[in-house]
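Q: So that you have it, the file is coords-v3.tsv, and it contains TSV, C-alpha atoms:
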chain	number	residue	atom	x	y	z
D	1	MET	CA	27.03	17.37	22.30
D	2	SER	CA	25.01	18.29	19.25
D	3	MET	CA	22.41	16.02	17.75
D	4	GLN	CA	24.39	15.88	14.55
D	5	THR	CA	27.37	14.38	16.36
D	6	ASP	CA	25.13	11.80	18.03
D	7	THR	CA	23.50	10.62	14.87
D	8	ALA	CA	26.78	10.52	13.03
D	9	HIS	CA	27.80	7.50	15.11
D	10	LEU	CA	24.65	5.51	14.45
D	11	PRO	CA	25.25	2.59	12.09
D	12	SER	CA	23.40	2.92	8.81
D	13	PRO	CA	20.95	0.10	8.05
D	14	LEU	CA	22.09	0.34	4.43
D	15	PRO	CA	25.39	-0.86	2.97
D	16	ALA	CA	28.10	1.77	2.53
D	17	ALA	CA	28.18	3.65	-0.75
D	18	ASN	CA	30.44	2.33	-3.47
D	19	ALA	CA	33.80	3.87	-2.78
D	20	GLY	CA	35.02	3.28	-6.30
D	21	ALA	CA	32.39	5.47	-7.94
D	22	HIS	CA	33.71	8.56	-9.68
D	23	ALA	CA	32.64	12.01	-8.52
D	24	GLY	CA	30.67	14.37	-10.72
D	25	PRO	CA	28.26	13.75	-13.60
D	26	SER	CA	27.50	10.16	-14.52
D	27	LEU	CA	29.61	8.15	-16.93
D	28	ALA	CA	27.03	5.37	-17.17
D	29	THR	CA	25.98	4.34	-20.67
D	30	PRO	CA	22.79	2.47	-21.69
D	31	ARG	CA	24.90	-0.70	-21.76
D	32	ASP	CA	25.66	-0.27	-18.03
D	33	TYR	CA	21.98	0.21	-17.24
D	34	PHE	CA	21.16	-2.90	-19.27
D	35	ALA	CA	23.77	-4.89	-17.32
D	36	LEU	CA	21.95	-3.91	-14.11
D	37	LEU	CA	18.93	-5.88	-15.32
D	38	LYS	CA	20.85	-9.21	-15.19
D	39	PRO	CA	20.07	-10.08	-18.82
D	40	ARG	CA	20.91	-13.78	-18.47
D	41	VAL	CA	18.51	-14.23	-15.57
D	42	MET	CA	15.98	-12.15	-17.51
D	43	SER	CA	16.24	-14.53	-20.48
D	44	LEU	CA	15.29	-17.49	-18.25
D	45	VAL	CA	12.39	-15.49	-16.83
D	46	VAL	CA	11.14	-14.60	-20.32
D	47	PHE	CA	11.44	-18.21	-21.47
D	48	THR	CA	9.54	-19.75	-18.53
D	49	ALA	CA	6.92	-16.97	-18.58
D	50	LEU	CA	6.42	-17.65	-22.30
D	51	VAL	CA	5.71	-21.31	-21.52
D	52	GLY	CA	3.17	-20.18	-18.91
D	53	ILE	CA	1.47	-17.92	-21.46
D	54	VAL	CA	1.39	-20.56	-24.19
D	55	ALA	CA	0.23	-23.36	-21.85
D	56	ALA	CA	-2.66	-21.32	-20.41
D	57	PRO	CA	-6.16	-22.09	-21.65
D	58	GLY	CA	-7.90	-19.80	-24.11
D	59	GLU	CA	-6.53	-17.46	-26.73
D	60	ILE	CA	-4.37	-14.43	-26.01
D	61	HIS	CA	-3.75	-11.84	-28.71
D	62	PRO	CA	-0.07	-11.99	-29.73
D	63	VAL	CA	0.38	-8.27	-29.04
D	64	ILE	CA	-0.96	-8.69	-25.50
D	65	GLY	CA	1.22	-11.78	-25.01
D	66	ILE	CA	4.36	-9.94	-26.15
D	67	THR	CA	3.40	-6.95	-23.99
D	68	ALA	CA	3.01	-9.24	-20.97
D	69	LEU	CA	6.42	-10.81	-21.63
D	70	LEU	CA	8.03	-7.38	-22.01
D	71	PHE	CA	6.76	-6.08	-18.67
D	72	ILE	CA	7.47	-9.36	-16.86
D	73	ALA	CA	11.04	-9.06	-18.20
D	74	ILE	CA	11.28	-5.43	-17.06
D	75	GLY	CA	9.97	-6.40	-13.61
D	76	ALA	CA	12.58	-9.17	-13.40
D	77	GLY	CA	15.22	-6.65	-14.46
D	78	ALA	CA	14.08	-4.29	-11.71
D	79	SER	CA	14.55	-7.10	-9.17
D	80	GLY	CA	18.06	-7.71	-10.50
D	81	ALA	CA	18.92	-4.01	-10.26
D	82	LEU	CA	17.57	-3.78	-6.70
D	83	ASN	CA	19.70	-6.82	-5.83
D	84	MET	CA	22.79	-5.15	-7.31
D	85	TRP	CA	22.03	-1.93	-5.44
D	86	TYR	CA	21.82	-3.75	-2.11
D	87	GLU	CA	24.68	-6.20	-2.64
D	88	ALA	CA	27.24	-3.86	-4.23
D	89	ASP	CA	29.69	-4.35	-1.36
D	90	ILE	CA	29.40	-8.14	-1.61
D	91	ASP	CA	29.66	-8.05	-5.41
D	92	ALA	CA	32.96	-6.19	-5.15
D	93	LYS	CA	34.43	-9.08	-3.10
D	94	MET	CA	33.54	-11.88	-5.53
D	95	SER	CA	35.21	-12.51	-8.87
D	96	ARG	CA	31.91	-13.58	-10.49
D	97	THR	CA	30.26	-10.24	-9.69
D	98	ALA	CA	33.15	-7.77	-9.36
D	99	LYS	CA	32.70	-6.55	-12.94
D	100	ARG	CA	29.14	-5.40	-12.36
D	101	PRO	CA	28.55	-1.66	-12.96
D	102	ILE	CA	28.49	-0.51	-9.31
D	103	PRO	CA	31.71	-2.26	-8.17
D	104	GLN	CA	33.36	-1.04	-11.37
D	105	GLY	CA	32.50	2.52	-10.33
D	106	VAL	CA	30.74	3.50	-13.57
D	107	ILE	CA	27.41	4.05	-11.87
D	108	ARG	CA	26.44	5.23	-8.38
D	109	ARG	CA	24.21	3.34	-5.99
D	110	GLY	CA	21.69	6.17	-5.81
D	111	GLU	CA	21.28	6.10	-9.59
D	112	VAL	CA	20.73	2.34	-9.48
D	113	LEU	CA	18.15	2.56	-6.70
D	114	GLY	CA	16.16	5.23	-8.54
D	115	PHE	CA	16.37	3.31	-11.82
D	116	ALA	CA	15.31	0.02	-10.20
D	117	LEU	CA	12.39	1.48	-8.23
D	118	PHE	CA	11.12	3.29	-11.31
D	119	LEU	CA	11.26	0.12	-13.39
D	120	ALA	CA	9.58	-1.93	-10.65
D	121	VAL	CA	6.64	0.46	-10.31
D	122	PHE	CA	6.39	1.07	-14.05
D	123	SER	CA	6.40	-2.62	-15.00
D	124	VAL	CA	3.71	-3.50	-12.44
D	125	VAL	CA	1.46	-0.57	-13.37
D	126	ALA	CA	1.87	-1.18	-17.12
D	127	LEU	CA	1.19	-4.92	-16.75
D	128	GLY	CA	-1.94	-4.09	-14.75
D	129	LEU	CA	-3.18	-1.51	-17.27
D	130	LEU	CA	-2.35	-3.37	-20.47
D	131	VAL	CA	-2.78	-7.02	-19.47
D	132	ASN	CA	-4.56	-7.74	-16.18
D	133	VAL	CA	-4.41	-6.93	-12.48
D	134	LEU	CA	-3.80	-10.51	-11.30
D	135	ALA	CA	-0.60	-10.80	-13.34
D	136	ALA	CA	0.49	-7.35	-12.12
D	137	ALA	CA	-0.11	-8.32	-8.49
D	138	LEU	CA	1.92	-11.51	-8.91
D	139	LEU	CA	4.74	-9.54	-10.57
D	140	ALA	CA	4.73	-7.01	-7.71
D	141	PHE	CA	4.91	-9.83	-5.16
D	142	THR	CA	7.77	-11.49	-7.07
D	143	ILE	CA	9.81	-8.27	-7.17
D	144	PHE	CA	9.18	-7.73	-3.45
D	145	PHE	CA	10.06	-11.34	-2.66
D	146	TYR	CA	13.35	-11.26	-4.59
D	147	ALA	CA	14.50	-7.82	-3.48
D	148	VAL	CA	13.35	-7.77	0.14
D	149	ILE	CA	12.70	-11.34	1.34
D	150	TYR	CA	15.63	-12.92	-0.52
D	151	SER	CA	18.29	-10.23	-1.09
D	152	ILE	CA	17.90	-8.19	2.09
D	153	TRP	CA	16.59	-10.73	4.59
D	154	LEU	CA	17.34	-14.36	3.74
D	155	LYS	CA	20.60	-14.25	1.80
D	156	PRO	CA	22.76	-12.71	4.55
D	157	SER	CA	21.04	-14.58	7.40
D	158	THR	CA	20.44	-18.27	6.62
D	159	PRO	CA	21.99	-21.13	4.62
D	160	GLN	CA	18.45	-21.94	3.46
D	161	ASN	CA	18.46	-18.60	1.57
D	162	ILE	CA	18.40	-20.16	-1.86
D	163	VAL	CA	15.74	-22.72	-0.94
D	164	ILE	CA	13.14	-20.14	0.07
D	165	GLY	CA	14.45	-17.41	-2.21
D	166	GLY	CA	14.18	-19.77	-5.16
D	167	ALA	CA	10.44	-19.08	-5.14
D	168	ALA	CA	11.12	-15.72	-6.76
D	169	GLY	CA	12.65	-17.39	-9.80
D	170	ALA	CA	9.81	-19.92	-9.92
D	171	PHE	CA	7.01	-17.37	-10.27
D	172	PRO	CA	7.40	-16.31	-13.96
D	173	PRO	CA	5.42	-19.23	-15.48
D	174	VAL	CA	2.63	-18.52	-12.98
D	175	ILE	CA	2.66	-14.83	-13.95
D	176	GLY	CA	2.62	-15.80	-17.64
D	177	TRP	CA	-0.32	-18.13	-17.06
D	178	ALA	CA	-2.17	-15.40	-15.13
D	179	ALA	CA	-1.43	-12.88	-17.91
D	180	ALA	CA	-2.99	-15.16	-20.51
D	181	SER	CA	-5.96	-16.54	-18.57
D	182	ASN	CA	-6.50	-14.12	-15.66
D	183	SER	CA	-6.49	-17.14	-13.36
D	184	ILE	CA	-4.21	-19.58	-11.54
D	185	ALA	CA	-4.48	-23.36	-11.83
D	186	LEU	CA	-2.61	-26.49	-10.76
D	187	GLU	CA	-0.63	-26.65	-14.03
D	188	PRO	CA	1.40	-23.43	-13.47
D	189	ILE	CA	1.83	-24.41	-9.82
D	190	VAL	CA	3.50	-27.63	-10.99
D	191	MET	CA	5.82	-25.52	-13.21
D	192	PHE	CA	6.52	-23.38	-10.14
D	193	LEU	CA	7.41	-26.50	-8.16
D	194	ILE	CA	9.80	-27.74	-10.85
D	195	ILE	CA	11.81	-24.47	-10.80
D	196	PHE	CA	11.52	-24.22	-7.01
D	197	LEU	CA	13.04	-27.68	-6.45
D	198	TRP	CA	15.57	-27.21	-9.26
D	199	THR	CA	17.03	-24.04	-7.75
D	200	PRO	CA	18.82	-25.45	-4.65
D	201	PRO	CA	20.90	-28.16	-6.42
D	202	HIS	CA	21.63	-25.73	-9.27
D	203	PHE	CA	22.93	-22.97	-6.98
D	204	TRP	CA	24.62	-25.24	-4.45
D	205	ALA	CA	26.66	-26.80	-7.27
D	206	LEU	CA	27.84	-23.27	-8.07
D	207	ALA	CA	28.30	-22.45	-4.38
D	208	LEU	CA	30.58	-25.50	-3.97
D	209	LEU	CA	32.84	-24.00	-6.62
D	210	ARG	CA	32.81	-20.54	-5.01
D	211	SER	CA	32.57	-21.37	-1.32
D	212	ASP	CA	35.81	-19.48	-0.51
D	213	GLU	CA	34.46	-16.32	-2.10
D	214	TYR	CA	31.10	-16.64	-0.34
D	215	ALA	CA	32.92	-17.12	2.98
D	216	ARG	CA	35.06	-14.03	2.32
D	217	ALA	CA	31.97	-12.01	1.47
D	218	GLY	CA	30.23	-13.21	4.66
D	219	ILE	CA	27.35	-14.93	2.86
D	220	PRO	CA	26.16	-18.01	4.79
D	221	MET	CA	25.75	-20.30	1.79
D	222	LEU	CA	25.27	-23.95	2.69
D	223	PRO	CA	28.86	-25.08	1.84
D	224	VAL	CA	30.23	-22.26	4.02
D	225	VAL	CA	28.01	-22.97	7.04
D	226	ALA	CA	27.39	-26.73	6.88
D	227	GLY	CA	30.38	-27.86	4.87
D	228	GLU	CA	30.83	-29.61	1.53
D	229	ALA	CA	29.63	-33.04	2.67
D	230	GLU	CA	26.28	-31.76	3.94
D	231	THR	CA	25.84	-29.66	0.78
D	232	ARG	CA	26.40	-32.71	-1.41
D	233	ARG	CA	23.92	-34.71	0.71
D	234	GLN	CA	21.25	-32.00	0.32
D	235	ILE	CA	21.93	-31.71	-3.42
D	236	VAL	CA	21.16	-35.44	-3.74
D	237	LEU	CA	18.04	-35.02	-1.57
D	238	TYR	CA	16.65	-32.20	-3.74
D	239	SER	CA	17.53	-34.12	-6.90
D	240	TRP	CA	15.44	-37.06	-5.68
D	241	LEU	CA	12.57	-34.63	-5.04
D	242	LEU	CA	12.98	-32.86	-8.38
D	243	ALA	CA	13.06	-35.95	-10.60
D	244	PRO	CA	9.45	-37.12	-9.94
D	245	VAL	CA	8.08	-33.57	-9.78
D	246	GLY	CA	9.61	-32.96	-13.24
D	247	VAL	CA	7.45	-35.80	-14.60
D	248	LEU	CA	4.26	-34.48	-12.93
D	249	PRO	CA	3.00	-32.55	-16.01
D	250	PHE	CA	2.84	-35.90	-17.84
D	251	ILE	CA	1.41	-37.84	-14.89
D	252	LEU	CA	-1.33	-35.24	-14.36
D	253	GLY	CA	-2.21	-35.32	-18.06
D	254	TYR	CA	-0.97	-31.82	-18.93
D	255	ALA	CA	1.82	-32.96	-21.25
D	256	GLY	CA	2.33	-35.73	-23.78
D	257	LEU	CA	4.42	-38.88	-23.88
D	258	VAL	CA	7.45	-37.09	-25.38
D	259	TYR	CA	7.56	-34.79	-22.37
D	260	GLY	CA	7.03	-37.78	-20.08
D	261	VAL	CA	9.99	-39.70	-21.52
D	262	ILE	CA	12.33	-36.69	-21.68
D	263	SER	CA	11.51	-35.52	-18.16
D	264	LEU	CA	11.95	-39.04	-16.79
D	265	VAL	CA	15.30	-39.62	-18.53
D	266	CYS	CA	16.57	-36.15	-17.59
D	267	GLY	CA	15.37	-36.59	-14.01
D	268	VAL	CA	17.28	-39.86	-13.68
D	269	MET	CA	20.37	-38.20	-15.20
D	270	PHE	CA	20.03	-35.32	-12.74
D	271	VAL	CA	20.07	-37.78	-9.82
D	272	VAL	CA	23.06	-39.61	-11.37
D	273	TYR	CA	25.01	-36.34	-11.68
D	274	ALA	CA	24.11	-35.48	-8.06
D	275	LEU	CA	25.23	-38.94	-6.83
D	276	ARG	CA	28.51	-38.58	-8.75
D	277	LEU	CA	29.08	-35.26	-7.01
D	278	ARG	CA	28.35	-36.82	-3.64
D	279	LYS	CA	30.84	-39.64	-4.23
D	280	ALA	CA	33.53	-37.46	-5.85
D	281	ALA	CA	36.85	-37.22	-4.05
D	282	GLU	CA	37.94	-33.88	-2.58
D	283	GLY	CA	39.68	-31.43	-4.89
D	284	GLU	CA	39.68	-31.61	-8.68
D	285	ALA	CA	37.12	-34.45	-8.87
D	286	THR	CA	34.61	-32.41	-6.84
D	287	VAL	CA	35.17	-29.34	-9.02
D	288	LYS	CA	34.58	-31.40	-12.15
D	289	ALA	CA	31.46	-33.10	-10.76
D	290	ALA	CA	30.01	-29.80	-9.52
D	291	LYS	CA	30.60	-28.15	-12.91
D	292	SER	CA	28.95	-31.12	-14.65
D	293	LEU	CA	25.89	-30.94	-12.42
D	294	PHE	CA	25.67	-27.15	-12.79
D	295	GLY	CA	25.85	-27.41	-16.59
D	296	PHE	CA	23.37	-30.27	-16.77
D	297	SER	CA	20.92	-28.50	-14.46
D	298	ILE	CA	20.65	-25.64	-16.97
D	299	LEU	CA	20.07	-28.10	-19.80
D	300	TYR	CA	17.48	-29.97	-17.69
D	301	LEU	CA	15.30	-26.93	-17.07
D	302	PHE	CA	15.66	-25.71	-20.64
D	303	LEU	CA	14.69	-29.11	-22.11
D	304	LEU	CA	11.63	-29.61	-19.92
D	305	PHE	CA	10.22	-26.17	-20.62
D	306	ALA	CA	11.19	-26.29	-24.32
D	307	VAL	CA	9.27	-29.56	-24.80
D	308	LEU	CA	6.29	-28.09	-22.95
D	309	LEU	CA	6.49	-25.02	-25.18
D	310	VAL	CA	6.57	-27.08	-28.38
D	311	GLU	CA	3.74	-29.36	-27.25
D	312	LYS	CA	1.52	-26.50	-26.17
D	313	SER	CA	2.24	-24.08	-29.03
D	314	THR	CA	1.84	-26.64	-31.83
D	315	GLY	CA	-0.79	-28.79	-30.18
D	316	TRP	CA	1.49	-31.68	-31.15
D	317	SER	CA	1.37	-34.08	-28.27
D	318	PHE	CA	0.28	-37.66	-28.04
D	319	GLY	CA	0.00	-40.21	-25.28
D	320	GLN	CA	-1.44	-37.73	-22.77
D	321	LEU	CA	-2.90	-39.43	-19.74
D	322	VAL	CA	-6.59	-38.84	-19.18
D	323	TRP	CA	-7.89	-39.00	-15.65
S	1	MET	CA	21.15	46.58	-0.13
S	2	VAL	CA	20.53	45.92	-3.81
S	3	ILE	CA	21.32	42.50	-5.23
S	4	ALA	CA	21.96	42.26	-8.94
S	5	VAL	CA	20.00	39.20	-10.01
S	6	ASP	CA	21.29	39.24	-13.55
S	7	LYS	CA	24.92	39.16	-12.55
S	8	GLN	CA	26.69	36.14	-14.04
S	9	PRO	CA	28.66	34.01	-11.60
S	10	ASP	CA	32.41	34.00	-11.93
S	11	GLN	CA	32.59	30.23	-12.19
S	12	GLU	CA	31.36	28.36	-15.24
S	13	GLY	CA	29.70	25.62	-13.14
S	14	ILE	CA	30.10	21.96	-14.00
S	15	VAL	CA	31.89	21.41	-17.26
S	16	LEU	CA	31.41	17.94	-18.71
S	17	THR	CA	34.38	16.02	-20.01
S	18	PRO	CA	34.08	14.60	-23.57
S	19	GLU	CA	33.54	11.14	-22.03
S	20	GLN	CA	30.72	12.42	-19.82
S	21	LYS	CA	29.16	14.22	-22.79
S	22	ARG	CA	29.30	11.03	-24.85
S	23	ALA	CA	27.70	8.98	-22.05
S	24	ARG	CA	24.97	11.60	-21.57
S	25	ARG	CA	24.21	11.65	-25.29
S	26	GLN	CA	23.98	7.86	-25.40
S	27	ARG	CA	21.59	7.90	-22.42
S	28	SER	CA	19.47	10.60	-24.07
S	29	VAL	CA	19.23	8.69	-27.35
S	30	ALA	CA	18.34	5.45	-25.54
S	31	LEU	CA	15.63	7.25	-23.54
S	32	ALA	CA	14.18	8.81	-26.70
S	33	ILE	CA	14.03	5.43	-28.43
S	34	LEU	CA	12.45	3.76	-25.39
S	35	LEU	CA	9.81	6.49	-25.07
S	36	ALA	CA	8.96	6.21	-28.78
S	37	VAL	CA	8.67	2.41	-28.51
S	38	LEU	CA	6.44	2.71	-25.43
S	39	ALA	CA	4.18	5.26	-27.13
S	40	ILE	CA	3.79	2.92	-30.12
S	41	LEU	CA	3.21	-0.07	-27.83
S	42	PHE	CA	0.47	1.68	-25.83
S	43	TYR	CA	-1.14	2.84	-29.09
S	44	VAL	CA	-1.13	-0.67	-30.59
S	45	VAL	CA	-2.43	-2.28	-27.40
S	46	THR	CA	-5.26	0.27	-27.31
S	47	LEU	CA	-6.15	-0.66	-30.90
S	48	VAL	CA	-6.00	-4.39	-30.10
S	49	LYS	CA	-8.14	-4.11	-26.99
S	50	GLY	CA	-10.60	-1.71	-28.62
S	51	PRO	CA	-13.35	-0.48	-26.33
S	52	GLY	CA	-12.37	-3.16	-23.82
S	53	VAL	CA	-9.20	-1.25	-22.98
S	54	LEU	CA	-10.90	0.19	-19.91
S	55	ASN	CA	-12.38	-3.15	-18.87
S	56	ARG	CA	-10.05	-4.62	-16.28
S	57	PRO	CA	-11.86	-7.15	-14.13
S	58	LEU	CA	-10.11	-8.06	-10.91
Could you spell out this file's structure in structure tokens?

A:
Amino acid sequence: MSMQTDTAHLPSPLPAANAGAHAGPSLATPRDYFALLKPRVMSLVVFTALVGIVAAPGEIHPVIGITALLFIAIGAGASGALNMWYEADIDAKMSRTAKRPIPQGVIRRGEVLGFALFLAVFSVVALGLLVNVLAAALLAFTIFFYAVIYSIWLKPSTPQNIVIGGAAGAFPPVIGWAAASNSIALEPIVMFLIIFLWTPPHFWALALLRSDEYARAGIPMLPVVAGEAETRRQIVLYSWLLAPVGVLPFILGYAGLVYGVISLVCGVMFVVYALRLRKAAEGEATVKAAKSLFGFSILYLFLLFAVLLVEKSTGWSFGQLVW
Amino acid sequence: MVIAVDKQPDQEGIVLTPEQKRARRQRSVALAILLAVLAILFYVVTLVKGPGVLNRPL
């Protein structure tokens, strides 16, 4: 038996190529490449990184600040593209992701991998050259964490995937802070914690709505593995953890009274939405409660960071605690 | 044996469809714009940083 025949039977460690892709020269347009960057996720990354930049001590030249944001966004886009490259088979099985460029067959996996790796390396090198090495190192770690630790390792293997993987989405304010001050402090770590604890209830609310699709795709999301009741219980648990951590910037004296009041009220509302979901009856009531929590969770994160942004950028804050 | 290196092949090779040509042109234009923007960005950052452009403390 020839060696070629032997190796032909070995399972590939990589997912199969997208069967729907057309043969011959590429049909992909710039719009398809842009879609690979997950623009909606990128917008959240840019927003939270901006808060990190603005909140950091010292002055940063606006051109350097915008440059930092641009390359942080490109790095986040590279992570998204690497995720789409690896999960193309799963994306094709879920209605939420079936219209992405690879499952649609407009772009081949090899093209996506090359594009994503180029962007990842380019964004890290450019951030290091034009801004500072600390921010570049954090960006490199974030890309690695999202693409390898979360997408390749955790997501297909454990229902805690989104808990640990959520760290990747929590890093942007830390990178922004590092870009502006070339340092890391407790303040950006608190911002990290807010996003980190926000991620599980946010995604599990979505996962409750799509648990059938996740099961079909073979992804061990919490509702698939542990059931709806346990997912609701853990959503409430994380909401209780998130609410006080959301107020920490005020308690530690980093933010003013307006932030303190808004974060407290929103934190209580978050817990109320989570409790409503836990008590909702099976069926339509659960769908409605999960959608409400999912929608409110987006508003919650936006409001907290928007108030921080306004307070820090205008210097308009009163009632800050002094320790 | 003599091989004629200048002999044209019988086949025309890959012929792009109008759709493929349009997609390739759009990609080329986007790349050109991005390269121009990056060149300007690097130039402006160099001006902003001045002599400190090479100073990158760890």

Q: Compute the chain D side of the contact with chain S at 8 Å, counting only C-alpha atoms, and hand it back as a list of chain:residue names.

A: D:Pro25, D:Ser26, D:Leu27, D:Ala28, D:Thr29, D:Pro30, D:His61, D:Val63, D:Ile64, D:Thr67, D:Leu129, D:Leu130, D:Asn132, D:Val133, D:Leu134

Q: Could the residues in this selection be written to a file with C-alpha atoms, as a CSV table (one decimal), keeping the file's coordinate frame?

A:
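Output contents, as saved in out.csv:
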chain,number,residue,atom,x,y,z
D,25,PRO,CA,28.3,13.8,-13.6
D,26,SER,CA,27.5,10.2,-14.5
D,27,LEU,CA,29.6,8.2,-16.9
D,28,ALA,CA,27.0,5.4,-17.2
D,29,THR,CA,26.0,4.3,-20.7
D,30,PRO,CA,22.8,2.5,-21.7
D,61,HIS,CA,-3.8,-11.8,-28.7
D,63,VAL,CA,0.4,-8.3,-29.0
D,64,ILE,CA,-1.0,-8.7,-25.5
D,67,THR,CA,3.4,-7.0,-24.0
D,129,LEU,CA,-3.2,-1.5,-17.3
D,130,LEU,CA,-2.4,-3.4,-20.5
D,132,ASN,CA,-4.6,-7.7,-16.2
D,133,VAL,CA,-4.4,-6.9,-12.5
D,134,LEU,CA,-3.8,-10.5,-11.3

Q: Within 10 Å of segment 265-279 of chain D, counting only C-alpha atoms, which residues show up once you throw out same-chain ones fewer than 4 positions away? Write them as an MDAnalysis selection string, please.

A: chainID D and resid 198 201 205 228:247 259:261 285:294 296:297 299:301 303:304

Q: Calculate how many Å separate atom CA of Ala217 of chain D from atom CA of Gln104 of chain D, rounding to one decimal.

A: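 Straight-line distance from atom CA of Ala217 of chain D to atom CA of Gln104 of chain D works out to 16.9 Å.
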
Q: As an exercise, work out the distance from atom CA of Ala226 of chain D to atom CA of Gly80 of chain D in Å and give it to one decimal place.

A: 27.4 Å

Q: As an exercise, work out the distance from atom CA of Phe141 of chain D to atom CA of Leu186 of chain D in Å and give it to one decimal place.

A: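 Here the two named atoms are 19.1 Å from each other.
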
Q: Taking (27.4, -24.6, 2.6) as a centre in this file's frame and 12 Å as the limit, can you find every polymer residue with an atom that close, using all atoms listed in the file, and give them as a ChimeraX atom specification?

A: /D:158-162,200-201,203-215,218-235

Q: Phe47 of chain D: which residues within 10 Å, counting all atoms listed in the file, same-chain residues fewer than 3 positions away excluded, as JSON, numbers by chain?

A: {"D": [42, 43, 44, 50, 51, 52, 53, 69, 73, 172, 173, 176, 302, 305, 306, 309]}

Q: Around all listed atoms of segment 10-27 of chain S, padded 3 Å per side, what centre and edge lengths does the axis-aligned box have in Å to one decimal, as AutoDock Vina command-line options?

A:
--center_x 28.0 --center_y 20.9 --center_z -18.7 --size_x 18.8 --size_y 32.1 --size_z 19.5

Q: Tell me which of D:Phe115, D:Trp153, D:Phe250, D:Phe171 sits closest to Ala137 of chain D, counting all atoms listed in the file.

A: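 The shortest atom-to-atom distance to Ala137 of chain D comes from D:Phe171.
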